[in-house]
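*Asks:* Structure file coords_33.pdb (PDB, C-alpha atoms, pLDDT in the B column) right here:
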```
ATOM      1  CA  MET A   1     -32.959  80.511 -19.053  1.00 72.00           C
ATOM      2  CA  GLY A   2     -30.887  79.410 -16.091  1.00 93.00           C
ATOM      3  CA  THR A   3     -27.266  80.195 -15.358  1.00 95.00           C
ATOM      4  CA  ARG A   4     -25.986  77.122 -17.223  1.00 95.00           C
ATOM      5  CA  GLU A   5     -27.943  78.067 -20.345  1.00 96.00           C
ATOM      6  CA  ASP A   6     -26.846  81.713 -20.015  1.00 96.00           C
ATOM      7  CA  LEU A   7     -23.214  80.579 -19.931  1.00 97.00           C
ATOM      8  CA  LEU A   8     -23.671  78.356 -22.978  1.00 96.00           C
ATOM      9  CA  ALA A   9     -25.412  81.104 -24.944  1.00 96.00           C
ATOM     10  CA  ALA A  10     -22.676  83.588 -24.015  1.00 97.00           C
ATOM     11  CA  ALA A  11     -19.935  81.101 -24.908  1.00 96.00           C
ATOM     12  CA  LYS A  12     -21.547  80.541 -28.321  1.00 93.00           C
ATOM     13  CA  ARG A  13     -21.665  84.296 -28.970  1.00 93.00           C
ATOM     14  CA  CYS A  14     -18.051  84.707 -27.855  1.00 94.00           C
ATOM     15  CA  LEU A  15     -16.914  81.824 -30.059  1.00 89.00           C
ATOM     16  CA  ALA A  16     -18.663  83.372 -33.048  1.00 86.00           C
ATOM     17  CA  GLU A  17     -17.168  86.809 -32.322  1.00 88.00           C
ATOM     18  CA  ARG A  18     -13.679  85.965 -31.030  1.00 88.00           C
ATOM     19  CA  GLY A  19     -12.896  82.343 -31.817  1.00 84.00           C
ATOM     20  CA  TYR A  20     -11.892  79.580 -29.436  1.00 84.00           C
ATOM     21  CA  ALA A  21      -8.396  80.654 -28.397  1.00 84.00           C
ATOM     22  CA  ARG A  22      -9.282  84.329 -27.925  1.00 89.00           C
ATOM     23  CA  THR A  23     -12.383  83.750 -25.792  1.00 92.00           C
ATOM     24  CA  THR A  24     -11.595  84.288 -22.130  1.00 94.00           C
ATOM     25  CA  VAL A  25     -13.614  83.453 -19.042  1.00 94.00           C
ATOM     26  CA  ARG A  26     -13.982  87.193 -18.484  1.00 95.00           C
ATOM     27  CA  ASP A  27     -15.541  87.537 -21.951  1.00 96.00           C
ATOM     28  CA  ILE A  28     -18.031  84.771 -21.165  1.00 96.00           C
ATOM     29  CA  VAL A  29     -18.856  86.201 -17.731  1.00 95.00           C
ATOM     30  CA  ALA A  30     -19.421  89.673 -19.191  1.00 96.00           C
ATOM     31  CA  ALA A  31     -21.611  88.321 -22.001  1.00 96.00           C
ATOM     32  CA  SER A  32     -23.634  86.077 -19.691  1.00 96.00           C
ATOM     33  CA  GLY A  33     -24.078  88.412 -16.736  1.00 95.00           C
ATOM     34  CA  THR A  34     -22.963  85.618 -14.409  1.00 94.00           C
ATOM     35  CA  ASN A  35     -19.742  85.167 -12.419  1.00 92.00           C
ATOM     36  CA  LEU A  36     -16.503  83.188 -12.671  1.00 92.00           C
ATOM     37  CA  ALA A  37     -17.614  80.664 -10.071  1.00 94.00           C
ATOM     38  CA  ALA A  38     -20.613  79.736 -12.235  1.00 95.00           C
ATOM     39  CA  ILE A  39     -18.320  78.414 -14.971  1.00 95.00           C
ATOM     40  CA  ASN A  40     -16.551  76.113 -12.512  1.00 93.00           C
ATOM     41  CA  TYR A  41     -19.821  75.041 -10.918  1.00 95.00           C
ATOM     42  CA  HIS A  42     -21.613  74.191 -14.169  1.00 95.00           C
ATOM     43  CA  PHE A  43     -18.758  73.108 -16.467  1.00 94.00           C
ATOM     44  CA  GLY A  44     -15.584  72.695 -14.430  1.00 92.00           C
ATOM     45  CA  THR A  45     -13.362  74.642 -16.823  1.00 89.00           C
ATOM     46  CA  ARG A  46     -13.483  77.216 -19.599  1.00 90.00           C
ATOM     47  CA  ASP A  47     -12.424  74.545 -22.104  1.00 86.00           C
ATOM     48  CA  LYS A  48     -15.291  72.252 -21.148  1.00 88.00           C
ATOM     49  CA  LEU A  49     -17.738  75.125 -21.515  1.00 93.00           C
ATOM     50  CA  LEU A  50     -16.270  76.175 -24.861  1.00 91.00           C
ATOM     51  CA  SER A  51     -16.201  72.619 -26.193  1.00 87.00           C
ATOM     52  CA  GLN A  52     -19.866  72.131 -25.248  1.00 90.00           C
ATOM     53  CA  ALA A  53     -20.764  75.449 -26.889  1.00 93.00           C
ATOM     54  CA  MET A  54     -18.715  74.567 -29.979  1.00 88.00           C
ATOM     55  CA  MET A  55     -20.303  71.140 -30.382  1.00 86.00           C
ATOM     56  CA  GLU A  56     -23.803  72.587 -30.000  1.00 89.00           C
ATOM     57  CA  SER A  57     -23.102  75.463 -32.421  1.00 89.00           C
ATOM     58  CA  SER A  58     -21.604  73.163 -35.052  1.00 86.00           C
ATOM     59  CA  SER A  59     -24.424  70.670 -34.679  1.00 85.00           C
ATOM     60  CA  THR A  60     -27.014  73.443 -35.034  1.00 88.00           C
ATOM     61  CA  ALA A  61     -25.302  74.792 -38.172  1.00 88.00           C
ATOM     62  CA  VAL A  62     -25.143  71.372 -39.846  1.00 85.00           C
ATOM     63  CA  GLN A  63     -28.690  70.495 -38.771  1.00 87.00           C
ATOM     64  CA  ALA A  64     -29.962  73.715 -40.372  1.00 90.00           C
ATOM     65  CA  ILE A  65     -28.217  72.723 -43.600  1.00 89.00           C
ATOM     66  CA  LEU A  66     -29.717  69.223 -43.488  1.00 84.00           C
ATOM     67  CA  GLU A  67     -33.215  70.595 -42.830  1.00 87.00           C
ATOM     68  CA  SER A  68     -32.945  72.957 -45.806  1.00 89.00           C
ATOM     69  CA  LEU A  69     -32.240  70.194 -48.325  1.00 85.00           C
ATOM     70  CA  PRO A  70     -34.725  69.221 -51.023  1.00 85.00           C
ATOM     71  CA  ALA A  71     -37.215  66.475 -50.157  1.00 83.00           C
ATOM     72  CA  GLU A  72     -35.824  63.011 -49.484  1.00 76.00           C
ATOM     73  CA  ASP A  73     -37.408  61.635 -52.663  1.00 76.00           C
ATOM     74  CA  THR A  74     -35.369  64.111 -54.736  1.00 81.00           C
ATOM     75  CA  ASP A  75     -32.567  62.771 -56.932  1.00 85.00           C
ATOM     76  CA  PRO A  76     -29.632  61.967 -54.588  1.00 84.00           C
ATOM     77  CA  ALA A  77     -27.238  63.914 -56.820  1.00 86.00           C
ATOM     78  CA  VAL A  78     -29.412  67.013 -56.438  1.00 88.00           C
ATOM     79  CA  ARG A  79     -29.561  66.557 -52.650  1.00 87.00           C
ATOM     80  CA  LEU A  80     -25.787  66.121 -52.434  1.00 89.00           C
ATOM     81  CA  ARG A  81     -25.113  69.180 -54.570  1.00 91.00           C
ATOM     82  CA  ALA A  82     -27.542  71.241 -52.447  1.00 92.00           C
ATOM     83  CA  PHE A  83     -25.839  69.998 -49.288  1.00 91.00           C
ATOM     84  CA  LEU A  84     -22.401  70.982 -50.580  1.00 93.00           C
ATOM     85  CA  GLU A  85     -23.611  74.405 -51.756  1.00 95.00           C
ATOM     86  CA  ARG A  86     -25.236  75.173 -48.396  1.00 94.00           C
ATOM     87  CA  LEU A  87     -22.227  73.859 -46.496  1.00 93.00           C
ATOM     88  CA  ILE A  88     -19.833  76.055 -48.451  1.00 95.00           C
ATOM     89  CA  GLY A  89     -22.211  78.992 -47.969  1.00 95.00           C
ATOM     90  CA  SER A  90     -22.099  78.339 -44.235  1.00 94.00           C
ATOM     91  CA  PHE A  91     -18.291  78.362 -44.296  1.00 94.00           C
ATOM     92  CA  THR A  92     -18.466  81.857 -45.765  1.00 92.00           C
ATOM     93  CA  GLU A  93     -21.404  83.230 -43.763  1.00 91.00           C
ATOM     94  CA  GLU A  94     -20.278  81.773 -40.433  1.00 89.00           C
ATOM     95  CA  ARG A  95     -16.521  81.901 -40.934  1.00 90.00           C
ATOM     96  CA  LEU A  96     -15.725  82.661 -37.285  1.00 87.00           C
ATOM     97  CA  LEU A  97     -17.834  79.749 -36.062  1.00 87.00           C
ATOM     98  CA  TRP A  98     -16.064  77.334 -38.386  1.00 90.00           C
ATOM     99  CA  SER A  99     -12.651  78.802 -37.520  1.00 90.00           C
ATOM    100  CA  ALA A 100     -13.440  78.239 -33.849  1.00 87.00           C
ATOM    101  CA  ASN A 101     -14.424  74.680 -34.745  1.00 87.00           C
ATOM    102  CA  ILE A 102     -10.951  74.030 -36.166  1.00 89.00           C
ATOM    103  CA  GLU A 103      -9.388  75.647 -33.079  1.00 86.00           C
ATOM    104  CA  SER A 104     -11.345  73.261 -30.841  1.00 84.00           C
ATOM    105  CA  PHE A 105      -9.865  70.271 -32.665  1.00 85.00           C
ATOM    106  CA  VAL A 106      -6.373  71.603 -32.020  1.00 86.00           C
ATOM    107  CA  GLN A 107      -7.234  71.968 -28.327  1.00 83.00           C
ATOM    108  CA  ALA A 108      -8.375  68.329 -28.306  1.00 84.00           C
ATOM    109  CA  LEU A 109      -4.842  67.211 -29.138  1.00 88.00           C
ATOM    110  CA  HIS A 110      -3.875  68.261 -25.607  1.00 87.00           C
ATOM    111  CA  SER A 111      -6.935  67.010 -23.745  1.00 85.00           C
ATOM    112  CA  PRO A 112      -7.964  63.340 -23.664  1.00 89.00           C
ATOM    113  CA  GLU A 113     -11.341  64.352 -22.211  1.00 85.00           C
ATOM    114  CA  LEU A 114     -12.041  66.868 -24.969  1.00 84.00           C
ATOM    115  CA  ARG A 115     -10.802  64.370 -27.557  1.00 88.00           C
ATOM    116  CA  ALA A 116     -13.318  61.814 -26.236  1.00 89.00           C
ATOM    117  CA  GLU A 117     -16.154  64.356 -26.314  1.00 85.00           C
ATOM    118  CA  LEU A 118     -15.341  65.434 -29.854  1.00 86.00           C
ATOM    119  CA  GLY A 119     -14.997  61.794 -30.906  1.00 89.00           C
ATOM    120  CA  ALA A 120     -18.501  61.076 -29.626  1.00 89.00           C
ATOM    121  CA  ALA A 121     -19.812  64.181 -31.403  1.00 86.00           C
ATOM    122  CA  GLN A 122     -18.159  63.051 -34.641  1.00 88.00           C
ATOM    123  CA  SER A 123     -19.884  59.692 -34.352  1.00 90.00           C
ATOM    124  CA  GLU A 124     -23.247  61.440 -33.976  1.00 87.00           C
ATOM    125  CA  ALA A 125     -22.419  63.691 -36.943  1.00 87.00           C
ATOM    126  CA  ARG A 126     -21.638  60.694 -39.165  1.00 89.00           C
ATOM    127  CA  GLU A 127     -25.016  59.241 -38.231  1.00 88.00           C
ATOM    128  CA  ALA A 128     -26.843  62.468 -39.129  1.00 85.00           C
ATOM    129  CA  LEU A 129     -24.898  62.870 -42.364  1.00 87.00           C
ATOM    130  CA  ALA A 130     -25.762  59.312 -43.409  1.00 88.00           C
ATOM    131  CA  HIS A 131     -29.239  60.653 -44.250  1.00 82.00           C
ATOM    132  CA  VAL A 132     -28.048  63.200 -46.846  1.00 80.00           C
ATOM    133  CA  MET A 133     -28.463  60.994 -49.906  1.00 76.00           C
ATOM    134  CA  ASP A 134     -31.572  59.092 -48.814  1.00 70.00           C
ATOM    135  CA  GLY A 135     -33.201  59.913 -45.513  1.00 66.00           C
ATOM    136  CA  ALA A 136     -35.329  56.762 -45.579  1.00 69.00           C
ATOM    137  CA  ALA A 137     -32.366  54.419 -46.043  1.00 77.00           C
ATOM    138  CA  PRO A 138     -29.344  56.004 -44.368  1.00 84.00           C
ATOM    139  CA  ASP A 139     -25.975  54.625 -45.387  1.00 86.00           C
ATOM    140  CA  PRO A 140     -23.241  54.858 -42.691  1.00 90.00           C
ATOM    141  CA  ALA A 141     -20.584  54.909 -45.429  1.00 90.00           C
ATOM    142  CA  VAL A 142     -22.136  58.103 -46.836  1.00 89.00           C
ATOM    143  CA  GLY A 143     -21.939  59.701 -43.390  1.00 90.00           C
ATOM    144  CA  ALA A 144     -18.281  58.725 -43.063  1.00 92.00           C
ATOM    145  CA  VAL A 145     -17.352  60.063 -46.499  1.00 92.00           C
ATOM    146  CA  LEU A 146     -19.247  63.331 -46.023  1.00 91.00           C
ATOM    147  CA  GLN A 147     -17.743  63.949 -42.602  1.00 91.00           C
ATOM    148  CA  THR A 148     -14.253  63.287 -43.946  1.00 92.00           C
ATOM    149  CA  MET A 149     -14.896  65.575 -46.884  1.00 91.00           C
ATOM    150  CA  ILE A 150     -16.297  68.353 -44.688  1.00 91.00           C
ATOM    151  CA  GLY A 151     -13.058  68.613 -42.713  1.00 91.00           C
ATOM    152  CA  GLY A 152     -10.879  69.000 -45.784  1.00 93.00           C
ATOM    153  CA  LEU A 153     -13.317  71.312 -47.513  1.00 95.00           C
ATOM    154  CA  LEU A 154     -13.593  73.473 -44.402  1.00 95.00           C
ATOM    155  CA  ILE A 155      -9.842  73.913 -44.142  1.00 95.00           C
ATOM    156  CA  GLN A 156      -9.562  74.825 -47.824  1.00 96.00           C
ATOM    157  CA  TRP A 157     -12.357  77.399 -47.542  1.00 95.00           C
ATOM    158  CA  LEU A 158     -10.853  78.939 -44.400  1.00 94.00           C
ATOM    159  CA  ILE A 159      -7.286  79.108 -45.733  1.00 95.00           C
ATOM    160  CA  ASP A 160      -7.812  80.013 -49.391  1.00 96.00           C
ATOM    161  CA  PRO A 161     -11.466  80.621 -50.285  1.00 95.00           C
ATOM    162  CA  ASP A 162     -10.585  82.047 -53.705  1.00 96.00           C
ATOM    163  CA  ASN A 163      -9.128  78.704 -54.779  1.00 97.00           C
ATOM    164  CA  ALA A 164     -11.235  76.285 -52.741  1.00 97.00           C
ATOM    165  CA  PRO A 165     -13.325  73.803 -54.713  1.00 97.00           C
ATOM    166  CA  SER A 166     -16.951  74.580 -55.473  1.00 96.00           C
ATOM    167  CA  ALA A 167     -19.871  72.241 -54.907  1.00 95.00           C
ATOM    168  CA  ALA A 168     -19.867  71.481 -58.651  1.00 95.00           C
ATOM    169  CA  THR A 169     -16.173  70.574 -58.588  1.00 96.00           C
ATOM    170  CA  ILE A 170     -16.631  68.282 -55.583  1.00 94.00           C
ATOM    171  CA  ALA A 171     -19.666  66.604 -57.163  1.00 92.00           C
ATOM    172  CA  ALA A 172     -17.793  66.069 -60.443  1.00 93.00           C
ATOM    173  CA  GLY A 173     -14.817  64.602 -58.594  1.00 94.00           C
ATOM    174  CA  LEU A 174     -17.045  62.256 -56.607  1.00 91.00           C
ATOM    175  CA  ARG A 175     -18.730  61.129 -59.832  1.00 90.00           C
ATOM    176  CA  THR A 176     -15.345  60.358 -61.412  1.00 93.00           C
ATOM    177  CA  LEU A 177     -14.178  58.511 -58.298  1.00 91.00           C
ATOM    178  CA  ALA A 178     -17.403  56.479 -58.161  1.00 88.00           C
ATOM    179  CA  GLU A 179     -16.987  55.451 -61.794  1.00 89.00           C
ATOM    180  CA  ALA A 180     -13.358  54.484 -61.173  1.00 91.00           C
ATOM    181  CA  VAL A 181     -14.270  52.369 -58.158  1.00 88.00           C
ATOM    182  CA  ASP A 182     -17.293  50.700 -59.750  1.00 80.00           C
ATOM    183  CA  PRO A 183     -17.284  51.055 -63.555  1.00 69.00           C
ATOM    184  CA  ALA A 184     -20.712  50.175 -64.928  1.00 62.00           C
TER     185      ALA A 184
END
```
Please express the file's structure as structure tokens.
*Replies:*
Amino acid sequence: MGTREDLLAAAKRCLAERGYARTTVRDIVAASGTNLAAINYHFGTRDKLLSQAMMESSSTAVQAILESLPAEDTDPAVRLRAFLERLIGSFTEERLLWSANIESFVQALHSPELRAELGAAQSEAREALAHVMDGAAPDPAVGAVLQTMIGGLLIQWLIDPDNAPSAATIAAGLRTLAEAVDPA
């Protein structure tokens, strides 16, 4: 790996261990074995480095969930339930990563550049999530709904995991909403 990759790998480790706000450039330098000037040279600022690391880490986590789903020809309800179960499991297993993810969104409120980067990443995420129900015929509306749901579900699991909804509860609620919107 080169210096840029070393910095990204170190930033990802620091985010997972310390979170976004508590990760300093000194932490990243110590973890990467590089120097302060390398951050400026390769990324410009600590925030740009952390946002890149956060987007890559989040994307990797969601991609792993998507790749672990049952085959695309499986009943869509089964695929959705599996997705929700694995997502919620990820919120628990990788709590610090997901907490750092929320912190990065707060940082974006103060940075038009970061907001634009995260906006582009959200667009890509919606595209990837569109494949959850049927990989052969992705539906952009599914991607939009899942991405919207992920944000709310994530916050509930981070704030109050004992009372956050389960995959079964979410699936049942979606079923009820679907019937209300389009009664058969």
*Asks:* For this structure, which residues satisfy the selection - the PyMOL selection byres ((chain A and resi 90) around 12) - when it is evaluated on the file as given? I want them as a ChimeraX atom specification.
*Replies:* /A:58,60-66,83-89,91-99,150,153-154,157-158
*Asks:* Nearest to Ala10 (chain A) among A:Ala167, A:Ala31, A:Val145, A:Ala172, with distances taken over all atoms listed in the file: which residue is it?
*Replies:* A:Ala31
*Asks:* Would you compute the distance between CA of Gly151 (chain A) and CA of Ala130 (chain A)? Give it in Å to one decimal.
*Replies:*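 Answer for the CA of Gly151 (chain A) to CA of Ala130 (chain A) separation: 15.8 Å.
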*Asks:* Taking into account all atoms listed in the file, which residue in the set A:Pro140, A:Tyr41, A:Lys48, A:Arg126 is nearest to Pro112 (chain A)?
*Replies:*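 For Pro112 (chain A), the nearest of the candidates is A:Lys48.
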*Asks:* Using only C-alpha atoms, pick whichever of A:Gln122, A:Thr45, A:Asn35, A:Ser166 has the shortest atom-to-atom distance to Phe105 (chain A).
*Replies:*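 Answer, going by the shortest atom-to-atom distance: A:Gln122.
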*Asks:* My list of candidates is A:Thr169, A:Ser111, A:Gln156, A:Ser57. Which is closest to Arg13 (chain A) when distances are computed with only C-alpha atoms?
*Replies:*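 Looking only at the distances to Arg13 (chain A), the closest residue turns out to be A:Ser57.
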*Asks:* Apply the PyMOL selection byres ((chain A and resi 32) around 7) to the file shown and report the selected residues as a PyMOL selection string.
*Replies:* chain A and resi 6-7+10+28-31+33-34
*Asks:* Kindly indicate which residue among A:Asp27, A:Glu56, A:Glu67, A:Glu72 lies nearest to Met133 (chain A), using all atoms listed in the file for the distances.
*Replies:*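 The closest residue to Met133 (chain A) is A:Glu72.
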*Asks:* One number please: CA of Arg46 (chain A) to CA of Tyr20 (chain A), in Å, one decimal.
*Replies:* 10.2 Å
*Asks:* For the atom pair CA of Ala171 (chain A) and CA of Arg81 (chain A), what is the interatomic distance in Å to one decimal place?
*Replies:*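 It comes out at 6.6 Å.
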*Asks:* List every protein, DNA or RNA residue with an atom no more than 12 Å from (-19.6, 56.7, -47.8) in the file's coordinates, counting all atoms listed in the file, and format the result as an mmCIF file with C-alpha atoms, in the frame of the given file.
*Replies:*
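Contents of out03.cif, freshly written:
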```cif
data_model
loop_
_atom_site.group_PDB
_atom_site.id
_atom_site.type_symbol
_atom_site.label_atom_id
_atom_site.label_comp_id
_atom_site.auth_asym_id
_atom_site.auth_seq_id
_atom_site.Cartn_x
_atom_site.Cartn_y
_atom_site.Cartn_z
ATOM 1 C CA ARG A 126 -21.638 60.694 -39.165
ATOM 2 C CA GLU A 127 -25.016 59.241 -38.231
ATOM 3 C CA LEU A 129 -24.898 62.870 -42.364
ATOM 4 C CA ALA A 130 -25.762 59.312 -43.409
ATOM 5 C CA HIS A 131 -29.239 60.653 -44.250
ATOM 6 C CA VAL A 132 -28.048 63.200 -46.846
ATOM 7 C CA MET A 133 -28.463 60.994 -49.906
ATOM 8 C CA PRO A 138 -29.344 56.004 -44.368
ATOM 9 C CA ASP A 139 -25.975 54.625 -45.387
ATOM 10 C CA PRO A 140 -23.241 54.858 -42.691
ATOM 11 C CA ALA A 141 -20.584 54.909 -45.429
ATOM 12 C CA VAL A 142 -22.136 58.103 -46.836
ATOM 13 C CA GLY A 143 -21.939 59.701 -43.390
ATOM 14 C CA ALA A 144 -18.281 58.725 -43.063
ATOM 15 C CA VAL A 145 -17.352 60.063 -46.499
ATOM 16 C CA LEU A 146 -19.247 63.331 -46.023
ATOM 17 C CA GLN A 147 -17.743 63.949 -42.602
ATOM 18 C CA THR A 148 -14.253 63.287 -43.946
ATOM 19 C CA MET A 149 -14.896 65.575 -46.884
ATOM 20 C CA LEU A 174 -17.045 62.256 -56.607
ATOM 21 C CA LEU A 177 -14.178 58.511 -58.298
ATOM 22 C CA ALA A 178 -17.403 56.479 -58.161
#
```
*Asks:* If I only want region 60-77 of chain A, can you write it with N, CA, C and O atoms, as a PDB file, in the first residue's frame?
*Replies:*
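decode.pdb was written with the following content:
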```pdb
ATOM      1  N   THR A  60     -18.681  -0.512   2.288  1.00  0.00           N
ATOM      2  CA  THR A  60     -18.196  -1.884   2.464  1.00  0.00           C
ATOM      3  C   THR A  60     -19.137  -2.676   3.365  1.00  0.00           C
ATOM      4  O   THR A  60     -19.464  -3.829   3.070  1.00  0.00           O
ATOM      5  N   ALA A  61     -19.596  -2.055   4.454  1.00  0.00           N
ATOM      6  CA  ALA A  61     -20.502  -2.735   5.388  1.00  0.00           C
ATOM      7  C   ALA A  61     -21.819  -3.088   4.706  1.00  0.00           C
ATOM      8  O   ALA A  61     -22.309  -4.219   4.820  1.00  0.00           O
ATOM      9  N   VAL A  62     -22.394  -2.149   3.967  1.00  0.00           N
ATOM     10  CA  VAL A  62     -23.671  -2.407   3.295  1.00  0.00           C
ATOM     11  C   VAL A  62     -23.482  -3.418   2.162  1.00  0.00           C
ATOM     12  O   VAL A  62     -24.309  -4.312   1.974  1.00  0.00           O
ATOM     13  N   GLN A  63     -22.379  -3.308   1.436  1.00  0.00           N
ATOM     14  CA  GLN A  63     -22.116  -4.253   0.348  1.00  0.00           C
ATOM     15  C   GLN A  63     -21.994  -5.677   0.888  1.00  0.00           C
ATOM     16  O   GLN A  63     -22.500  -6.626   0.280  1.00  0.00           O
ATOM     17  N   ALA A  64     -21.352  -5.837   2.036  1.00  0.00           N
ATOM     18  CA  ALA A  64     -21.243  -7.170   2.647  1.00  0.00           C
ATOM     19  C   ALA A  64     -22.623  -7.714   2.995  1.00  0.00           C
ATOM     20  O   ALA A  64     -22.889  -8.914   2.819  1.00  0.00           O
ATOM     21  N   ILE A  65     -23.502  -6.848   3.469  1.00  0.00           N
ATOM     22  CA  ILE A  65     -24.869  -7.275   3.783  1.00  0.00           C
ATOM     23  C   ILE A  65     -25.573  -7.710   2.498  1.00  0.00           C
ATOM     24  O   ILE A  65     -26.199  -8.767   2.450  1.00  0.00           O
ATOM     25  N   LEU A  66     -25.465  -6.895   1.458  1.00  0.00           N
ATOM     26  CA  LEU A  66     -26.133  -7.214   0.190  1.00  0.00           C
ATOM     27  C   LEU A  66     -25.621  -8.530  -0.394  1.00  0.00           C
ATOM     28  O   LEU A  66     -26.406  -9.336  -0.914  1.00  0.00           O
ATOM     29  N   GLU A  67     -24.318  -8.759  -0.298  1.00  0.00           N
ATOM     30  CA  GLU A  67     -23.732  -9.990  -0.846  1.00  0.00           C
ATOM     31  C   GLU A  67     -24.116 -11.233  -0.048  1.00  0.00           C
ATOM     32  O   GLU A  67     -24.030 -12.350  -0.555  1.00  0.00           O
ATOM     33  N   SER A  68     -24.540 -11.045   1.195  1.00  0.00           N
ATOM     34  CA  SER A  68     -24.899 -12.195   2.032  1.00  0.00           C
ATOM     35  C   SER A  68     -26.373 -12.573   1.917  1.00  0.00           C
ATOM     36  O   SER A  68     -26.802 -13.543   2.532  1.00  0.00           O
ATOM     37  N   LEU A  69     -27.128 -11.850   1.120  1.00  0.00           N
ATOM     38  CA  LEU A  69     -28.561 -12.127   1.004  1.00  0.00           C
ATOM     39  C   LEU A  69     -28.815 -13.419   0.236  1.00  0.00           C
ATOM     40  O   LEU A  69     -28.000 -13.847  -0.567  1.00  0.00           O
ATOM     41  N   PRO A  70     -29.992 -14.011   0.467  1.00  0.00           N
ATOM     42  CA  PRO A  70     -30.358 -15.198  -0.318  1.00  0.00           C
ATOM     43  C   PRO A  70     -30.361 -14.870  -1.810  1.00  0.00           C
ATOM     44  O   PRO A  70     -30.422 -13.701  -2.202  1.00  0.00           O
ATOM     45  N   ALA A  71     -30.343 -15.898  -2.629  1.00  0.00           N
ATOM     46  CA  ALA A  71     -30.305 -15.731  -4.087  1.00  0.00           C
ATOM     47  C   ALA A  71     -31.414 -14.796  -4.565  1.00  0.00           C
ATOM     48  O   ALA A  71     -32.478 -14.689  -3.942  1.00  0.00           O
ATOM     49  N   GLU A  72     -31.137 -14.137  -5.695  1.00  0.00           N
ATOM     50  CA  GLU A  72     -32.072 -13.153  -6.235  1.00  0.00           C
ATOM     51  C   GLU A  72     -33.421 -13.749  -6.607  1.00  0.00           C
ATOM     52  O   GLU A  72     -34.423 -13.036  -6.646  1.00  0.00           O
ATOM     53  N   ASP A  73     -33.472 -15.044  -6.868  1.00  0.00           N
ATOM     54  CA  ASP A  73     -34.757 -15.662  -7.236  1.00  0.00           C
ATOM     55  C   ASP A  73     -35.560 -16.088  -6.000  1.00  0.00           C
ATOM     56  O   ASP A  73     -36.632 -16.671  -6.119  1.00  0.00           O
ATOM     57  N   THR A  74     -35.046 -15.765  -4.817  1.00  0.00           N
ATOM     58  CA  THR A  74     -35.745 -16.049  -3.568  1.00  0.00           C
ATOM     59  C   THR A  74     -36.923 -15.081  -3.428  1.00  0.00           C
ATOM     60  O   THR A  74     -36.896 -13.972  -3.951  1.00  0.00           O
ATOM     61  N   ASP A  75     -37.933 -15.506  -2.704  1.00  0.00           N
ATOM     62  CA  ASP A  75     -39.099 -14.662  -2.431  1.00  0.00           C
ATOM     63  C   ASP A  75     -38.623 -13.290  -1.943  1.00  0.00           C
ATOM     64  O   ASP A  75     -37.820 -13.201  -1.006  1.00  0.00           O
ATOM     65  N   PRO A  76     -39.101 -12.199  -2.556  1.00  0.00           N
ATOM     66  CA  PRO A  76     -38.668 -10.855  -2.149  1.00  0.00           C
ATOM     67  C   PRO A  76     -38.878 -10.561  -0.661  1.00  0.00           C
ATOM     68  O   PRO A  76     -38.071  -9.879  -0.044  1.00  0.00           O
ATOM     69  N   ALA A  77     -39.933 -11.101  -0.083  1.00  0.00           N
ATOM     70  CA  ALA A  77     -40.178 -10.883   1.347  1.00  0.00           C
ATOM     71  C   ALA A  77     -39.073 -11.520   2.189  1.00  0.00           C
ATOM     72  O   ALA A  77     -38.644 -10.951   3.198  1.00  0.00           O
TER      73      ALA A  77
END
```
